[in-house]
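Chemist: I'd like to ask you about the structure that follows.
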Amino acid sequence: MKKLSAVLIMLVFCAGCAFAEGEASRKVREGTLAYSNMTIEQYKDFIDEAQSQNVWNYYLLHDPKYSEYVAAMVTQYIDVYTFDSMSEMIMALNAGKIDTMELSSPVGEYFMKQNNNADKYITFIYTQGVNYYLSMGFRDGNKWFEPFNAAIKAMNEDDTLLLLKAKYVTDSANKNLKPVKFEKFPNAETVKIAITGDMPPIDYIAADGTPAGFNTAMLAEIGRRLKVNIELVSITAGARAAALASGRADGVFWFWFDKTTKTPRDVPAEVVLTEPYYSYDTFMYIGKKISK
């Protein structure tokens, strides 16, 4: 039997999922973005490993009317479903194909702000106590790794990243995220960067092709500092490693990891990571409200 504590976040969460009434025997269906280098079973092992080291703490935020479902769900397990994009995952949640979706805190908080008036989503579980980091990934030996890594390090030191975070993440309450402009340098080299573009306000490209959000703003600043032209390459979450291996892209936004487990969560062995450019200590699990 899986450790109860290792899956408690999903078990308790589903006290408020739409399927809860009359279906307490069904497994909890968790949606998450596709991994670049990890199977679903390895993902579950990662949860167990992290929990065994007591690095996660859980707490519950919910309306009291959901409390009666908690006891009925604590013996359940989880089924994990991966999606190539956040848009696909939201569609699956709305269609009742999954019960909850896992999002990083900045993405989850933005989603809840934009859907506040719909009154159909609820956030139950935050996990905290671990720092998670976002980094750019390059294939080992790519000539652009060192320049990009140095630029990100400098932007950390001179507080540029803090300013970009304030502008493109903290102040992103409006539906229309601030567009990002890329400067063009005649006769300069072009660096191809793969981006999923589907996780506002961190990683986003609008339907009309306009880049926005924190990642692209940071990338535009790196282009200005290095005097290179940036070409954005659109990929899905699960294609990040393949984009590097095939040479389709020089670098990839994003790879994420933590420093608490023995094995990197989702970083292929042939990929080298830059200095972290963003960190957070919270995950959000979002489901649909039930009527009662």
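If you're wondering about the labels, chains in the structure tokens are A, B, ... by order shown, residues count from 1 in each chain, ligands from 1 in order shown.
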Could you pull out all residues of region 90-218 of chain A with a DSSP call of strand (DSSP E) and give them as an NGL selection string?
Modeler: :A and (100-104 or 121-128 or 132-139 or 190-195 or 198-199 or 203-205 or 211-212)
Chemist: Selection from above, C-alpha atoms, as a PDB file, in the first residue's frame, can you write it?
Modeler:
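Saved to result.pdb:
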ATOM      1  CA  THR A 100      -7.779  18.039  -9.948  1.00  0.00           C
ATOM      2  CA  MET A 101      -4.906  19.711 -11.745  1.00  0.00           C
ATOM      3  CA  GLU A 102      -1.478  20.367 -10.294  1.00  0.00           C
ATOM      4  CA  LEU A 103      -0.069  23.839 -10.960  1.00  0.00           C
ATOM      5  CA  SER A 104       2.826  25.856  -9.609  1.00  0.00           C
ATOM      6  CA  TYR A 121     -13.203  26.338  -9.206  1.00  0.00           C
ATOM      7  CA  ILE A 122     -11.779  25.832  -5.752  1.00  0.00           C
ATOM      8  CA  THR A 123      -8.239  25.509  -4.457  1.00  0.00           C
ATOM      9  CA  PHE A 124      -7.761  22.967  -1.704  1.00  0.00           C
ATOM     10  CA  ILE A 125      -4.153  22.032  -1.140  1.00  0.00           C
ATOM     11  CA  TYR A 126      -0.929  23.920  -1.110  1.00  0.00           C
ATOM     12  CA  THR A 127       2.319  22.054  -0.561  1.00  0.00           C
ATOM     13  CA  GLN A 128       5.103  24.077   0.952  1.00  0.00           C
ATOM     14  CA  TYR A 132      11.316  24.655  -6.483  1.00  0.00           C
ATOM     15  CA  TYR A 133      13.452  26.250  -9.174  1.00  0.00           C
ATOM     16  CA  LEU A 134      12.947  27.073 -12.839  1.00  0.00           C
ATOM     17  CA  SER A 135      16.000  27.035 -15.089  1.00  0.00           C
ATOM     18  CA  MET A 136      16.740  27.115 -18.787  1.00  0.00           C
ATOM     19  CA  GLY A 137      18.031  23.871 -20.247  1.00  0.00           C
ATOM     20  CA  PHE A 138      20.690  23.435 -22.926  1.00  0.00           C
ATOM     21  CA  ARG A 139      22.124  20.325 -24.476  1.00  0.00           C
ATOM     22  CA  THR A 190      20.109  34.032 -33.841  1.00  0.00           C
ATOM     23  CA  VAL A 191      19.476  31.799 -30.830  1.00  0.00           C
ATOM     24  CA  LYS A 192      16.500  29.443 -30.989  1.00  0.00           C
ATOM     25  CA  ILE A 193      14.688  29.055 -27.680  1.00  0.00           C
ATOM     26  CA  ALA A 194      11.829  26.588 -27.278  1.00  0.00           C
ATOM     27  CA  ILE A 195       8.903  27.725 -25.177  1.00  0.00           C
ATOM     28  CA  ASP A 198       0.830  28.063 -22.182  1.00  0.00           C
ATOM     29  CA  MET A 199       1.337  28.822 -18.483  1.00  0.00           C
ATOM     30  CA  ASP A 203       5.366  31.247 -19.720  1.00  0.00           C
ATOM     31  CA  TYR A 204       2.931  32.648 -22.249  1.00  0.00           C
ATOM     32  CA  ILE A 205       2.360  33.436 -25.913  1.00  0.00           C
ATOM     33  CA  PRO A 211       4.832  36.889 -26.377  1.00  0.00           C
ATOM     34  CA  ALA A 212       3.991  37.918 -22.829  1.00  0.00           C
TER      35      ALA A 212
END
Chemist: Would you mind listing, for every residue of region 150-251 of chain A within 10 Å of region 264-283 of chain A, the two atoms forming the shortest contact and the distance between them in Å to one decimal, using only C-alpha atoms, sorted by chain and ascending residue number, as CSV?
Modeler:
residue,atom,partner,partner_atom,distance
A:Ala150,CA,A:Glu275,CA,8.2
A:Ala151,CA,A:Glu275,CA,9.4
A:Ile152,CA,A:Glu275,CA,6.5
A:Lys153,CA,A:Glu275,CA,6.2
A:Ala154,CA,A:Glu275,CA,9.9
A:Met155,CA,A:Tyr277,CA,8.5
A:Asn156,CA,A:Tyr277,CA,7.2
A:Leu161,CA,A:Tyr277,CA,7.1
A:Leu162,CA,A:Tyr278,CA,9.1
A:Lys165,CA,A:Tyr278,CA,8.5
A:Ile202,CA,A:Tyr278,CA,9.3
A:Phe214,CA,A:Tyr278,CA,9.4
A:Asn215,CA,A:Tyr277,CA,9.0
A:Met218,CA,A:Tyr277,CA,8.7
A:Arg240,CA,A:Pro268,CA,10.0
A:Ala241,CA,A:Pro268,CA,7.1
A:Leu244,CA,A:Val271,CA,8.2
A:Ala245,CA,A:Glu270,CA,8.6
A:Gly251,CA,A:Leu273,CA,9.6
Chemist: Mind pulling up the distance from CA of Tyr110 (chain A) to CA of Asp159 (chain A)?
Modeler: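 That distance, rounded to one decimal, is 23.0 Å.
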Chemist: Please report the interatomic distance between CA of Arg225 (chain A) and CA of Phe148 (chain A) in Å with one decimal.
Modeler: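 CA of Arg225 (chain A) sits 9.6 Å away from CA of Phe148 (chain A).
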Chemist: Write out as a ChimeraX atom specification each polymer residue whose atoms come within 12 Å of Thr32 (chain A), counting only C-alpha atoms; drop sequence neighbours fewer than 6 positions from it.
Modeler: /A:40,43,79-90,92-93,98-104,237-238,283-286
Chemist: Hey, can you check how far CA of Leu164 (chain A) sits from CA of Asn187 (chain A)?
Modeler: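 Calculated distance between CA of Leu164 (chain A) and CA of Asn187 (chain A) is 28.0 Å.
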Chemist: Can you pull out every residue from region 153-278 of chain A that DSSP, working from the backbone, puts in helix (DSSP H, G or I), and format the result as a PyMOL selection string?
Modeler: chain A and resi 153-157+160-170+213-226+237-245
Chemist: Taking only C-alpha atoms into account, which of A:Leu163, A:Gly247, A:Ala217, A:Thr236 comes nearest Asp140 (chain A)?
Modeler: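 Of the candidates, the smallest distance to Asp140 (chain A) is held by A:Gly247.
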